[in-house]
Each structure stands twice: as structure tokens, then as C-alpha cells.
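**Q** For reference, the structure I am asking about is given below.
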Amino acid sequence: MELSVNDTPAYLYTGGRPFDRQQPVVVLIHGAGHDHSVWNYQARQLAHHGFAVLAPDLPGHGRSQGSPLTTIEALADWVEALLDAAGVVHTAIAGHSMGSLVALQTAAQAPARITKLILIGSVAPMPVAPPLLEAAAHARAAAHGMINQWSYTPASQLGASPVPGVSLTGLNQRLMERQRDGVLANDLAACNAYLGGLDAAAHIAIPCAMLCGERDQMTPRKAVKPLQEALAKVPGGARMIVIKGAGHAMMAEAPDAVGDAMRGFLTSA
Amino acid sequence: MTQPKTFGPETLALHAGQSPDPAFGARAAPIYFTTSYVFPDTDHAAALFNLERPGHVYTRISNPTNAMLEERIAALEGGVGAIAVASGQAALHLAITTLMGAGGHIVASHALYGGSHNLLAYTLPRFGITTTFVDPHDPDAWRTAVRPETRLFFGESLGNPGLDVLDIPAVADIAHAHRVPLLVDATLVTPCLQRPLALGADLVLHSATKFLGGHGVAVGGLLVDGGRFDWEASGLFPTLTEPYDGFHGMDFAEESPIAAFLLRARREGLRDFGACLSPMNAFQILQGMETLPLRMRAHVANARKVAEHLAAHPLVAQVAWPGLANHRDHTLAARLLPDGAGSVLSFELKGGRAAGRAFIEGLRVFSHLANVGDAKSLVIHPASTTHFRMSAQDLAAAGIGEGTVRLSVGLESVDDLIEDLNRGLYAASRVEQG
């Protein structure tokens with residue numbers, strides 16, 4: 001569906017079911033250079049099990065108009081504006097990679113609205129390797145190659161996929177290519193520049209789950225610890241869920257495990 | 001920081017799409033000979049039907065062995081995915097019916113495999129889908145054939161049997177200027193000699209029966225989606241961009257902006273038309289593909305020697321193989337097929353039909369049959385077999401004469417092949433003398 005957010009048309013995927021704000025709402029924020037379609041399976045699972053799903057294309061991504069926003073804080077403000085536009089008072093929020101920083105910042109700055117937080121493939125801060133930043137700005141194809149190399153496990157690199165007949169790396173490459181010029185560079189720069197993640201985490205006092213791919217090279221398990229420890233006010237501590245055998249692109253590589261973990265966390269007390 | 005690594009075709013041909021079997025660790029591709037798959041519980045079953053989870057429900061729609069084949073060809077072609085079907089003809093039919101219904105129009109090269117020509121010229125018009133055939137070398141012909149209802153451009157990498165080289169970048173540009181995709185039949189080249197998606201094509205099909213399998217034991221087809229065509233931006237493809245009542249009201253381009261075509265093709269085309277591939281055939285084609293790069297190199301080397309030998313023979317009026325300098329598309333082939341112009345070639349025997357018959361009957365190593373792309377060398381006389389339905393005018397337009405002989409040069413010792421051809425040529429010479 002489409003909504004006007006800050007007077008600019010924004011596209012939202014609702015998981016194959018009409019959006020019903022009377023149901024518990026969950027917002028899914030995609031990562032750098034991506035769009036809503038990275039959430040297909042998880043969004044459909046949640047939408048078919050009692051949740052009202054809003055998976056936006058962030059400004060300037062996919063079908064959403066406008067220019068890409070340049071900071072994580074601006075993206076969090078945009079998410080709040082999106083909730084206003086959708087008439088959503090309370091929601092859970094999940095984000096992947098860059099989207100996890102947006103979710104983290106939104107939960108910190110809107111504590112009265114966010115009920116649960118899911119951080120997928122997340123570290124804070126999230127420094128981006130200089131060659132990748134450089135390539136994203138000046139040699140997109142090389143940047144896409146690096147991201148595919150570091151986001152997928154060796155099995156996926158060789159074409160094995162949980163989705164019959166689909167090449168995960170091929171699909172991701174085309175998805176990144178489909179985004180407008182400058183979007184990926186903008187997004188990676190926003191990740192790199194966001195230094196308030198640990199401070200934001202220290203203010204969060206709602207249930208939080210962290211999903212980490214067992215073989216994630218972009219945001220590896222050991223690098224997640226500072227953020228997990230900073231989420232000290234989370235009741236019972238941030239719950240770490242390791243997605244077996246998956247890399248950073250875990251929604252694609254392990255769609256069932258990620259969907260089940262998200263649904264399990266969202267339906268738990 | 002390491003630079004991104006991409007795998008070479010030899011590696012992909014052996015490994016792509018297949019991880020060691022998680023159940024027993026089998027290294028070879030298991031054959032999942034099953035029609036259906038047990039659901040762990042009712043929730044899981046519903047989730048598979050709702051596309052909440054990926055997985056297999058029924059082998060007509062997907063099968064783990066077929067998926068290995070699909071993912072292997074997708075990796076080799078540089079596509080986002082593929083669908084394995086019962087034959088190359090089924091792949092062509094699936095592509096067309098996914099993109100259009102009655103009222104749709106196709107612009108196609110006139111240099112096509114006879115079976116494809118039959119489908120487009122005679123069968124599909126009965127269902128309201130028409131085709132305009134054009135000279136593949138003439139950009140204006142492609143351009144002027146476009147109508148408001150045109151939904152697809154179609155040609156063969158190497159036009160069978162005239163061996164015309166399709167200028168994929170040029171034809172793709174024309175197609176895209178008219179907001180329609182280009183489908184390329186790459187059967188005769190395989191991804192080892194050409195990757196049409198990298199040249200601008202949007203969809204690729206293969207008769208996997210031919211070089212991909214290479215052994216001549218299994219019929220199958222593959223349809224690969226490059227994932228670059230923006231169906232939404234085109235605005236001409238409601239089957240992909242509007243809700244489909246036949247599958248959860250799904251808008252396929254909304255669901256997957258990149259793989260909308262594959263989604264619809266599998267969820268409608270395979271489901272309803274049912275031209276699925278047997279997992280046994282998928283296994284056999286996978287076995288063949290393991291050696292595809294090696295075989296294609298050997299095919300091309302043998303074809304070159306055979307073509308050069310025939311071209312120098314006094315009984316041969318003309319040899320059509322783009323690897324030869326006098327072929328009309330030699331320069332184009334050097335650009336688009338730098339690793340070789342395949343191993344199918346045709347030649348014109350002096351002496352016409354009678355000489356052609358004598359030639360074929362004089363051969364001992366070449367097998368006379370209606371196929372190409374076997375490891376064994378094959379020969380056929382198109383005017384009396386694969387293209388017999390075509391009028392004399394259509395035959396001439398496709399570059400086929402009464403004395404045209406088509407060879408599919410195999411992997412035998414090339415000296416034996418040349419000796420066999422000499423035997424056939426001697427028999428043909430006796431007819432001419434007699």
C-alpha cells in the first residue's frame with residue numbers, strides 16, 4: 001500500500017494481507033541498498049499469524065519517492081512520521097543491518113510507541129570498510145560484489161538456495177542494481193557515521209532480541225557483544241538468537257529460522 | 001581486505017546449486033524421486049501454500065533435484081533464478097504464456113528452430129497470440145514490426161540451422177526502447193560460449209536436451225530470468241504487476257520486484273500447464289553439466305577442423321559456421337562468441353537433394369537423427385525432416401536449401417570424423433557423376 005509520509009509518497013509491503021491496525025503492528029526496516037522484498041517470507045509469516053505488517057521502502061528506495069535520508073536519526077524520524085501517517089500508536093519494530101540501527105534509534109527516541117525491538121545482523125557502532133564506502137560511491141558494481149561476498153555463506157555463493165530455483169546472490173545483486181544511483185553510498189555512509197548506537201541502547205527498556213547469523217562476516221557474533229551489553233535496561237537482557245549456518249543475509253539464507261525466531265519473540269510474554 | 005571472488009564456469013558447472021546432502025552427506029546430487037512432500041504439521045502446510053515459507057509441496061511445481069539444476073543454470077548464466085521444464089519447447093511456451101494472453105504479439109527472428117517456428121507461426125495464433133518474423137540482421141525490421149500489443153522479442157543466439165548470429169545488444173536495445181523484454185534461445189551456445197543476459201537479454205531458454213545434458217538420454221528445458229527487466233516501469237505486463245486472483249491476489253512485482261517473472265511462471269505456468277521435468281531427467285542433465293565447459297571446448301575445436309575441411313572440399317558449395325572468416329556474421333561472432341561459435345554447422349552440397357541423401361547414407365560415424373548437441377556426432381537433412389513444414393520461401397528465408405546438411409560435431413577423434421565425412425562426400429560424388 002502507499003501512504004504519504006512527510007508529504008512524499010511511500011510504499012509499504014504488508015505481507016500479502018490487508019493492513020489492519022487493530023492487530024498488533026510490527027514494522028520491518030530493510031538494510032542498505034535494499035527494499036521491502038528482503039522481508040518477503042518473514043512479512044508473510046507474521047501477516048498470516050495475527051500481525052499487521054508494515055515493511056516500507058525507505059525514502060528513495062524501491063517504490064518510495066523522495067531522496068534517501070542521510071542519517072540514521074533522520075530515518076528514525078521518518079519512521080515516526082510513517083507511524084503517524086498509518087495511524088499506529090504502538091508497534092514492535094525490527095530492522096536488518098542499517099535498518100537495525102534505524103530500529104534501535106526509533107526505539108530510543110520514541111519509547112512510548114515501541115513495544116518490542118528486534119535487531120538483525122546488528123552492531124553499534126557499524127563502521128563500514130573504507131574500500132566498500134569508496135566503491136559504493138564510485139564503482140557500484142564492485143560494491144555489489146563485495147556485499148554479496150561478505151553477506152552470504154559459501155553455499156549461497158555457489159547457488160544453493162532455500163527457495164527452489166532462485167540464486168540468492170543473483171537476486172541480491174539485481175536488487176542493489178535496481179536502486180537509484182547514490183542510494184547505496186548514502187546508506188553505507190549513514191551507517192558509518194552513526195555513533196550514537198550504544199547511547200541509544202542504554203535508554204531502551206523494552207524487550208529486545210538480537211538475531212545473529214552463525215557465519216555472519218559483516219556483523220560477526222563477537223562484534224555484537226558491546227551492543228548487547230549496552231542494552232542493560234532491557235528486561236532480562238537482550239536475547240541473543242543465533243541463526244545456524246547463516247551469514248549476514250540471514251532473512252534470505254534462513255528464512256524459516258529468522259521468521260520463526262521473530263514470531264516466537266513477538267508472541268512471547 | 002580481500003577483493004570479492006567470483007567462481008569460474010568450471011567450478012559452477014560442478015557445484016552450483018548443490019550442497020552436500022544434509023541427510024546422509026551424499027556428494028553426488030540425490031534424485032528426489034517423489035511426487036510430494038510430508039508436511040510436519042498443518043501450520044507448516046498452510047505456510048508453504050501461503051508462501052510464508054519456501055519449500056516443496058508437489059513435484060509439478062518444484063522438486064529438490066530440479067532445484068539444483070535450476071540454481072546451477074542460473075549461476076552459470078548470471079541470472080536470478082530458473083525454472084526447469086519438460087523440454088525446450090515447454091520453456092518457450094512458459095515464457096510466452098507468463099507474459100501475455102490472447103491479443104499478445106511477438107517479434108521473432110525468422111532464423112529459428114523448426115519447432116519454435118511451428119509454435120509461433122501455427123499453434124499460438126489459434127490461442128490469439130501472433131508473431132511477426134523478421135530478418136535478425138535488420139534492426140529496422142525489428143523496430144517496424146513492433147505493435148502496441150507487442151510483448152516479447154525472441155531470437156536464437158545462433159539461428160538454427162542457418163547459424164545466423166543474433167546481435168543481442170542491438171536487438172535488446174530496440175526491445176527495451178519499446179518496453180518489452182528480449183528472450184534468447186541459447187541452446188546452441190550454452191553459458192560456456194555466451195551469456196546472453198550479460199549482453200542485454202532479459203530471459204534465456206535452453207533445450208537442456210542438447211549440449212547441457214550432452215549425452216542424448218534426457219529431454220528437458222530451462223528458462224532463466226536475468227532479473228533486470230523492470231516490469232513495473234514498463235507498464236505493459238499486467239500478469240506481473242496486477243493482483244492475480246488465481247494465487248492469493250498476489251501482485252508479483254510487488255512481492256518480488258526482481259523475480260516477479262519467475263514467481264508467476266512457477267505459481268501459474270508450472271502449476272496449471274504442468275510441463276514439469278522429471279527429477280530423473282534433472283539428475284541426468286546435472287551429470288552432463290558437470291563436464292560442460294570441457295565438452296564445449298572440445299566441441300568447438302572439432303567443429304573448427306570439420307568446418308575448415310568441408311570448406312576446402314570441391315563438392316561443398318558453402319559452409320555456414322560463424323567461426324569461418326567468410327561467414328556473414330564472422331565479425332559479430334568474434335565479438336559475441338569469442339570462445340567459439342558452437343559445434344553445429346551446416347553446408348550446402350553440390351548436387352542438391354539426391355547428393356544430400358547419398359552423403360548421409362554414406363556416413364558411418366555420424367548418426368542420422370533429429371537432434372543436436374549430443375557428445376556423438378549427428379547429421380540431418382533439414383528440408384526433409386526438422387523443417388519439412390516450412391514453405392520453400394520460408395526455408396530460403398531461414399537460409400536452408402534443398403542440399404543443406406546440418407552437422408552437430410561431437411567429441412569423437414576428429415580424424416575419424418573427417419574420414420567419415422570424406423566417405424559421405426565420396427558417395428555424394430558418385431551421385432553427381434552418375
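Residue numbering restarts at 1 in every chain; chains get A, B, ... in the order shown in the C-alpha cells, and ligands count up from 1 in that same order.
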At most 7 Å is the cut-off: for each residue in stretch 243-281 of chain B with any atom that close to an atom of stretch 76-98 of chain B, write down the nearest atom pair and the distance in Å rounded to one decimal, counting only C-alpha atoms, chain first then increasing number, as a tab-separated table.
**A**
```
residue	atom	partner	partner_atom	distance
B:Ala259	CA	B:Val80	CA	7.0
B:Arg264	CA	B:Thr98	CA	6.6
B:Ala265	CA	B:Thr98	CA	5.5
B:Gly269	CA	B:Leu94	CA	6.0
B:Ala275	CA	B:Ala86	CA	5.3
B:Cys276	CA	B:Val85	CA	4.7
B:Leu277	CA	B:Ala86	CA	4.3
```
**Q** Residues of chain B no more than 8 Å from chain A, counting only C-alpha atoms: send them over as a ChimeraX atom specification.
**A** /B:3-5,7,12,15-19,47,50-56,62-64,66-72,74-75,78-83,227-228,248,250,254-259
**Q** Please, could you write that set of residues out with N, CA and C atoms as a compact mmCIF listing (two decimals), in the first residue's frame?
**A**
```txt
# COMPACT_ATOMS: atom_id res chain seq x y z
N GLN B 3 39.47 -8.89 -2.12
CA GLN B 3 38.54 -8.46 -3.16
C GLN B 3 37.50 -9.55 -3.35
N PRO B 4 36.29 -9.17 -3.79
CA PRO B 4 35.27 -10.18 -3.97
C PRO B 4 35.69 -11.22 -4.99
N LYS B 5 35.31 -12.45 -4.69
CA LYS B 5 35.71 -13.56 -5.54
C LYS B 5 34.48 -14.05 -6.28
N PHE B 7 33.20 -17.23 -8.89
CA PHE B 7 33.61 -18.57 -9.32
C PHE B 7 33.60 -18.68 -10.83
N LEU B 12 31.38 -23.59 -11.20
CA LEU B 12 29.91 -23.52 -11.11
C LEU B 12 29.27 -24.75 -11.75
N HIS B 15 29.50 -27.45 -9.06
CA HIS B 15 29.00 -27.26 -7.70
C HIS B 15 27.71 -26.45 -7.57
N ALA B 16 27.47 -25.54 -8.48
CA ALA B 16 26.39 -24.57 -8.24
C ALA B 16 25.06 -25.27 -8.00
N GLY B 17 24.36 -24.78 -7.01
CA GLY B 17 23.04 -25.31 -6.69
C GLY B 17 23.03 -26.52 -5.80
N GLN B 18 24.20 -27.05 -5.50
CA GLN B 18 24.21 -28.31 -4.75
C GLN B 18 25.16 -28.25 -3.57
N SER B 19 24.60 -28.39 -2.40
CA SER B 19 25.41 -28.58 -1.20
C SER B 19 25.41 -30.07 -0.90
N ALA B 47 1.59 -22.66 5.66
CA ALA B 47 2.65 -21.67 5.41
C ALA B 47 3.28 -21.87 4.04
N ASN B 50 0.90 -20.52 1.47
CA ASN B 50 0.80 -19.06 1.54
C ASN B 50 2.09 -18.34 1.17
N LEU B 51 3.13 -19.10 0.84
CA LEU B 51 4.47 -18.52 0.61
C LEU B 51 4.99 -17.79 1.84
N GLU B 52 4.61 -18.30 3.03
CA GLU B 52 5.23 -17.78 4.25
C GLU B 52 6.59 -18.43 4.43
N ARG B 53 6.73 -19.60 3.85
CA ARG B 53 7.98 -20.35 3.91
C ARG B 53 8.30 -20.87 2.51
N PRO B 54 9.59 -20.91 2.16
CA PRO B 54 9.94 -21.57 0.91
C PRO B 54 9.93 -23.08 1.12
N GLY B 55 9.79 -23.82 0.08
CA GLY B 55 9.85 -25.28 0.21
C GLY B 55 9.08 -25.95 -0.91
N HIS B 56 9.00 -27.26 -0.80
CA HIS B 56 8.39 -28.06 -1.86
C HIS B 56 7.05 -28.62 -1.39
N SER B 62 7.75 -27.80 -7.87
CA SER B 62 9.19 -27.76 -7.57
C SER B 62 9.62 -29.09 -6.99
N ASN B 63 10.91 -29.35 -7.10
CA ASN B 63 11.49 -30.61 -6.64
C ASN B 63 12.95 -30.34 -6.29
N PRO B 64 13.49 -30.93 -5.22
CA PRO B 64 14.86 -30.60 -4.82
C PRO B 64 15.91 -30.89 -5.89
N ASN B 66 15.39 -30.97 -9.19
CA ASN B 66 15.18 -29.97 -10.23
C ASN B 66 15.73 -28.62 -9.79
N ALA B 67 15.56 -28.31 -8.49
CA ALA B 67 16.04 -27.02 -7.99
C ALA B 67 17.55 -26.91 -8.13
N MET B 68 18.27 -28.01 -7.91
CA MET B 68 19.73 -27.98 -8.12
C MET B 68 20.05 -27.60 -9.56
N LEU B 69 19.33 -28.21 -10.48
CA LEU B 69 19.55 -27.90 -11.90
C LEU B 69 19.22 -26.44 -12.18
N GLU B 70 18.11 -25.98 -11.63
CA GLU B 70 17.69 -24.59 -11.85
C GLU B 70 18.74 -23.61 -11.31
N GLU B 71 19.21 -23.90 -10.10
CA GLU B 71 20.17 -22.98 -9.48
C GLU B 71 21.53 -23.05 -10.19
N ARG B 72 21.84 -24.21 -10.74
CA ARG B 72 23.12 -24.34 -11.46
C ARG B 72 23.09 -23.52 -12.75
N ALA B 74 21.13 -21.03 -13.39
CA ALA B 74 21.02 -19.60 -13.03
C ALA B 74 22.40 -19.04 -12.70
N ALA B 75 23.20 -19.82 -11.97
CA ALA B 75 24.54 -19.35 -11.62
C ALA B 75 25.42 -19.23 -12.87
N GLY B 78 24.32 -16.27 -14.89
CA GLY B 78 24.30 -14.97 -14.21
C GLY B 78 22.89 -14.43 -14.05
N GLY B 79 21.94 -15.33 -13.86
CA GLY B 79 20.54 -14.92 -13.67
C GLY B 79 20.14 -14.91 -12.21
N VAL B 80 18.90 -14.53 -11.95
CA VAL B 80 18.41 -14.53 -10.57
C VAL B 80 17.70 -15.84 -10.23
N GLY B 81 17.46 -16.66 -11.22
CA GLY B 81 16.82 -17.94 -10.95
C GLY B 81 16.40 -18.57 -12.25
N ALA B 82 15.88 -19.78 -12.14
CA ALA B 82 15.50 -20.51 -13.35
C ALA B 82 14.37 -21.47 -13.02
N ILE B 83 13.73 -21.95 -14.07
CA ILE B 83 12.69 -22.96 -13.92
C ILE B 83 13.00 -24.10 -14.89
N GLY B 227 16.46 -10.91 -14.30
CA GLY B 227 16.09 -10.06 -13.18
C GLY B 227 16.32 -8.58 -13.40
N ARG B 228 16.69 -8.15 -14.60
CA ARG B 228 16.95 -6.72 -14.84
C ARG B 228 15.74 -6.00 -15.40
N HIS B 248 -3.65 -16.07 -4.37
CA HIS B 248 -3.68 -15.19 -3.19
C HIS B 248 -3.81 -13.71 -3.53
N MET B 250 -2.02 -12.15 -5.47
CA MET B 250 -0.64 -11.65 -5.43
C MET B 250 -0.32 -10.73 -6.61
N GLU B 254 5.13 -6.60 -6.89
CA GLU B 254 5.17 -6.04 -5.54
C GLU B 254 5.85 -7.05 -4.60
N GLU B 255 5.49 -8.30 -4.77
CA GLU B 255 6.07 -9.35 -3.93
C GLU B 255 7.58 -9.44 -4.15
N SER B 256 7.98 -9.43 -5.40
CA SER B 256 9.40 -9.51 -5.70
C SER B 256 9.69 -8.66 -6.93
N PRO B 257 10.13 -7.42 -6.74
CA PRO B 257 10.39 -6.57 -7.90
C PRO B 257 11.39 -7.19 -8.87
N ILE B 258 12.26 -8.06 -8.37
CA ILE B 258 13.31 -8.63 -9.21
C ILE B 258 12.87 -9.94 -9.85
N ALA B 259 12.23 -10.80 -9.08
CA ALA B 259 11.94 -12.16 -9.58
C ALA B 259 10.46 -12.37 -9.84
```
**Q** Can you list, as a ChimeraX atom specification, all residues belonging to stretch 66-149 of chain A that DSSP tags as helix (DSSP H, G or I)?
**A** /A:72-86,98-109,130-138,140-149
**Q** Can you work out which one of A:Ser64, A:Gln228, A:Gln23, A:Ser4 has the shortest atom-to-atom distance to A:Ile118, counting only C-alpha atoms?
**A** A:Gln228
**Q** What is the atom CA of B:Leu223-atom CA of B:Ser343 distance in Å, reported with one decimal?
**A**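 Going from atom CA of B:Leu223 over to atom CA of B:Ser343 covers 22.1 Å.
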**Q** Which one is closest to A:Ile114: A:Met98, A:Ala86, A:Val26, A:Ala137? Count only C-alpha atoms.
**A**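 Of A:Met98, A:Ala86, A:Val26, A:Ala137, the one nearest A:Ile114 is A:Val26, counting only C-alpha atoms.
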**Q** Can you pull out every residue within 7 Å of B:Ile31, counting only C-alpha atoms, but drop anything in the same chain fewer than 2 positions away, and send it as a PyMOL selection string?
**A** chain B and resi 29+33+65+279-280+283
**Q** Set the distance at 10 Å and use only C-alpha atoms: which residues neighbour B:His215 once local chain neighbours fewer than 4 positions away are removed? I'd like the list as a VMD selection string.
**A** chain B and resid 209 to 211 284 to 285 287 to 288 373 to 376
**Q** Selection from above, N, CA and C atoms, as a PDB file, in the first residue's frame, can you write it?
**A**
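Just written: out_21.pdb:
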```pdb
ATOM      1  N   THR B 209      18.171 -30.700 -23.385  1.00  0.00           N
ATOM      2  CA  THR B 209      18.328 -31.965 -24.095  1.00  0.00           C
ATOM      3  C   THR B 209      19.642 -32.008 -24.872  1.00  0.00           C
ATOM      4  N   LYS B 210      20.116 -30.839 -25.265  1.00  0.00           N
ATOM      5  CA  LYS B 210      21.237 -30.753 -26.196  1.00  0.00           C
ATOM      6  C   LYS B 210      22.565 -30.719 -25.432  1.00  0.00           C
ATOM      7  N   PHE B 211      23.330 -29.648 -25.586  1.00  0.00           N
ATOM      8  CA  PHE B 211      24.683 -29.632 -25.023  1.00  0.00           C
ATOM      9  C   PHE B 211      24.709 -29.705 -23.499  1.00  0.00           C
ATOM     10  N   GLN B 284      20.065 -36.421 -14.705  1.00  0.00           N
ATOM     11  CA  GLN B 284      20.903 -36.755 -15.864  1.00  0.00           C
ATOM     12  C   GLN B 284      21.480 -35.492 -16.517  1.00  0.00           C
ATOM     13  N   ILE B 285      20.687 -34.462 -16.563  1.00  0.00           N
ATOM     14  CA  ILE B 285      21.189 -33.205 -17.143  1.00  0.00           C
ATOM     15  C   ILE B 285      22.258 -32.605 -16.229  1.00  0.00           C
ATOM     16  N   GLN B 287      24.294 -34.285 -14.377  1.00  0.00           N
ATOM     17  CA  GLN B 287      25.513 -35.067 -14.612  1.00  0.00           C
ATOM     18  C   GLN B 287      26.249 -34.561 -15.848  1.00  0.00           C
ATOM     19  N   GLY B 288      25.473 -34.263 -16.881  1.00  0.00           N
ATOM     20  CA  GLY B 288      26.085 -33.743 -18.094  1.00  0.00           C
ATOM     21  C   GLY B 288      26.724 -32.387 -17.869  1.00  0.00           C
ATOM     22  N   GLY B 373      23.728 -31.378 -30.404  1.00  0.00           N
ATOM     23  CA  GLY B 373      24.289 -31.188 -29.079  1.00  0.00           C
ATOM     24  C   GLY B 373      24.586 -32.451 -28.315  1.00  0.00           C
ATOM     25  N   ASP B 374      24.596 -33.581 -28.970  1.00  0.00           N
ATOM     26  CA  ASP B 374      24.994 -34.840 -28.337  1.00  0.00           C
ATOM     27  C   ASP B 374      26.526 -34.894 -28.316  1.00  0.00           C
ATOM     28  N   ALA B 375      27.081 -35.692 -27.406  1.00  0.00           N
ATOM     29  CA  ALA B 375      28.525 -35.933 -27.442  1.00  0.00           C
ATOM     30  C   ALA B 375      28.908 -36.664 -28.726  1.00  0.00           C
ATOM     31  N   LYS B 376      27.957 -37.403 -29.281  1.00  0.00           N
ATOM     32  CA  LYS B 376      28.192 -38.121 -30.542  1.00  0.00           C
ATOM     33  C   LYS B 376      27.852 -37.205 -31.709  1.00  0.00           C
TER      34      LYS B 376
END
```
**Q** Excluding A:Gly196 and residues on its chain fewer than 6 positions from it, collect all residues at most 9 Å away from it, counting only C-alpha atoms, and give them as a VMD selection string.
**A** chain A and resid 105 124 to 125
**Q** Can those selected residues be exported to a file as a PDB file, in the first residue's frame so that it contains C-alpha atoms?
**A**
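Saved file out_18.pdb follows:
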```pdb
ATOM      1  CA  GLN A 105      17.281   4.769  17.262  1.00  0.00           C
ATOM      2  CA  ALA A 124      26.904  -0.492  17.120  1.00  0.00           C
ATOM      3  CA  PRO A 125      28.781   1.401  16.030  1.00  0.00           C
TER       4      PRO A 125
END
```
**Q** Mind checking which residues fall within 12 Å of B:Gly246, counting only C-alpha atoms, ignoring those fewer than 2 positions away in the same chain, and posting them as a ChimeraX atom specification?
**A** /B:239,242-244,248-252,264,267-269,271-272
**Q** Take the residues just selected and output them with N, CA and C atoms as an mmCIF file, in the first residue's frame.
**A**
```cif
data_model
loop_
_atom_site.group_PDB
_atom_site.id
_atom_site.type_symbol
_atom_site.label_atom_id
_atom_site.label_comp_id
_atom_site.auth_asym_id
_atom_site.auth_seq_id
_atom_site.Cartn_x
_atom_site.Cartn_y
_atom_site.Cartn_z
ATOM 1 N N THR B 239 0.075 -9.234 -16.083
ATOM 2 C CA THR B 239 0.203 -10.541 -15.426
ATOM 3 C C THR B 239 1.225 -10.478 -14.287
ATOM 4 N N GLU B 242 -0.277 -6.721 -11.601
ATOM 5 C CA GLU B 242 -1.615 -6.528 -11.035
ATOM 6 C C GLU B 242 -1.985 -7.764 -10.231
ATOM 7 N N PRO B 243 -2.836 -7.610 -9.207
ATOM 8 C CA PRO B 243 -3.180 -8.767 -8.372
ATOM 9 C C PRO B 243 -3.757 -9.912 -9.207
ATOM 10 N N TYR B 244 -3.326 -11.121 -8.887
ATOM 11 C CA TYR B 244 -3.755 -12.323 -9.613
ATOM 12 C C TYR B 244 -4.679 -13.131 -8.705
ATOM 13 N N HIS B 248 -3.650 -16.066 -4.372
ATOM 14 C CA HIS B 248 -3.682 -15.190 -3.190
ATOM 15 C C HIS B 248 -3.808 -13.710 -3.534
ATOM 16 N N GLY B 249 -4.326 -13.381 -4.713
ATOM 17 C CA GLY B 249 -4.399 -11.970 -5.096
ATOM 18 C C GLY B 249 -3.035 -11.326 -5.194
ATOM 19 N N MET B 250 -2.019 -12.153 -5.475
ATOM 20 C CA MET B 250 -0.639 -11.650 -5.435
ATOM 21 C C MET B 250 -0.325 -10.731 -6.615
ATOM 22 N N ASP B 251 0.283 -9.604 -6.301
ATOM 23 C CA ASP B 251 0.902 -8.730 -7.306
ATOM 24 C C ASP B 251 2.376 -9.139 -7.312
ATOM 25 N N PHE B 252 2.782 -9.841 -8.361
ATOM 26 C CA PHE B 252 4.088 -10.498 -8.332
ATOM 27 C C PHE B 252 5.241 -9.495 -8.283
ATOM 28 N N ARG B 264 5.564 -15.832 -11.110
ATOM 29 C CA ARG B 264 4.335 -16.089 -11.862
ATOM 30 C C ARG B 264 4.486 -17.361 -12.706
ATOM 31 N N ARG B 267 4.240 -20.285 -10.254
ATOM 32 C CA ARG B 267 2.994 -20.406 -9.497
ATOM 33 C C ARG B 267 1.773 -20.516 -10.386
ATOM 34 N N GLU B 268 1.874 -20.060 -11.623
ATOM 35 C CA GLU B 268 0.777 -20.237 -12.565
ATOM 36 C C GLU B 268 1.154 -21.238 -13.659
ATOM 37 N N GLY B 269 2.235 -20.938 -14.388
ATOM 38 C CA GLY B 269 2.564 -21.719 -15.577
ATOM 39 C C GLY B 269 2.854 -23.177 -15.286
ATOM 40 N N ARG B 271 2.172 -24.732 -12.466
ATOM 41 C CA ARG B 271 1.022 -25.295 -11.748
ATOM 42 C C ARG B 271 -0.090 -25.699 -12.711
ATOM 43 N N ASP B 272 -0.389 -24.821 -13.676
ATOM 44 C CA ASP B 272 -1.586 -25.025 -14.490
ATOM 45 C C ASP B 272 -1.312 -25.719 -15.826
#
```
**Q** Report as a PyMOL selection string: the residues of stretch 11-230 of chain B with a DSSP assignment of strand (DSSP E), based on the backbone of this structure.
**A** chain B and resi 81-85+105-109+130-134+150-156+158-159+164-165+182-185+203-207+221-225
**Q** Since we have the selection now, will you write its residues out, keeping C-alpha atoms, as a PDB file, in the first residue's frame?
**A**
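Result written to out-v2.pdb:
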```pdb
ATOM      1  CA  GLY B  81      16.818 -17.940 -10.948  1.00  0.00           C
ATOM      2  CA  ALA B  82      15.495 -20.505 -13.346  1.00  0.00           C
ATOM      3  CA  ILE B  83      12.690 -22.964 -13.921  1.00  0.00           C
ATOM      4  CA  ALA B  84      13.232 -26.485 -15.191  1.00  0.00           C
ATOM      5  CA  VAL B  85      10.568 -27.764 -17.534  1.00  0.00           C
ATOM      6  CA  HIS B 105       2.170 -10.197 -30.174  1.00  0.00           C
ATOM      7  CA  ILE B 106       5.759 -11.366 -30.544  1.00  0.00           C
ATOM      8  CA  VAL B 107       8.527 -10.134 -32.816  1.00  0.00           C
ATOM      9  CA  ALA B 108      10.831 -13.045 -33.601  1.00  0.00           C
ATOM     10  CA  SER B 109      13.835 -13.750 -35.758  1.00  0.00           C
ATOM     11  CA  THR B 130       0.587 -13.818 -33.125  1.00  0.00           C
ATOM     12  CA  THR B 131       4.180 -13.405 -34.272  1.00  0.00           C
ATOM     13  CA  THR B 132       5.879 -11.251 -36.864  1.00  0.00           C
ATOM     14  CA  PHE B 133       9.051 -12.902 -38.176  1.00  0.00           C
ATOM     15  CA  VAL B 134      11.909 -10.599 -39.122  1.00  0.00           C
ATOM     16  CA  THR B 150       3.906  -6.485 -28.705  1.00  0.00           C
ATOM     17  CA  ARG B 151       5.101  -8.089 -25.502  1.00  0.00           C
ATOM     18  CA  LEU B 152       8.247 -10.018 -26.431  1.00  0.00           C
ATOM     19  CA  PHE B 153      11.258 -10.116 -28.761  1.00  0.00           C
ATOM     20  CA  PHE B 154      12.632 -13.585 -29.441  1.00  0.00           C
ATOM     21  CA  GLY B 155      15.662 -14.946 -31.245  1.00  0.00           C
ATOM     22  CA  GLU B 156      18.343 -17.619 -31.082  1.00  0.00           C
ATOM     23  CA  LEU B 158      22.825 -18.948 -33.226  1.00  0.00           C
ATOM     24  CA  GLY B 159      19.888 -19.274 -35.594  1.00  0.00           C
ATOM     25  CA  ASP B 164      22.940 -16.569 -38.008  1.00  0.00           C
ATOM     26  CA  VAL B 165      24.453 -14.761 -35.030  1.00  0.00           C
ATOM     27  CA  LEU B 182      14.248  -9.959 -25.179  1.00  0.00           C
ATOM     28  CA  LEU B 183      14.148 -13.739 -24.809  1.00  0.00           C
ATOM     29  CA  VAL B 184      17.131 -15.606 -26.280  1.00  0.00           C
ATOM     30  CA  ASP B 185      17.286 -19.298 -27.040  1.00  0.00           C
ATOM     31  CA  LEU B 203      15.346 -14.059 -20.416  1.00  0.00           C
ATOM     32  CA  VAL B 204      17.249 -17.105 -21.669  1.00  0.00           C
ATOM     33  CA  LEU B 205      15.962 -20.530 -22.562  1.00  0.00           C
ATOM     34  CA  HIS B 206      17.706 -23.785 -23.250  1.00  0.00           C
ATOM     35  CA  SER B 207      16.756 -27.066 -24.653  1.00  0.00           C
ATOM     36  CA  GLY B 221      14.195 -27.369 -20.847  1.00  0.00           C
ATOM     37  CA  LEU B 222      15.348 -24.438 -18.743  1.00  0.00           C
ATOM     38  CA  LEU B 223      14.094 -20.882 -18.532  1.00  0.00           C
ATOM     39  CA  VAL B 224      16.375 -18.339 -16.839  1.00  0.00           C
ATOM     40  CA  ASP B 225      15.382 -14.874 -15.637  1.00  0.00           C
TER      41      ASP B 225
END
```
**Q** So how far away is atom CA of B:Glu402 from atom CA of B:Asn302, in Å?
**A**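 So the answer is 25.6 Å.
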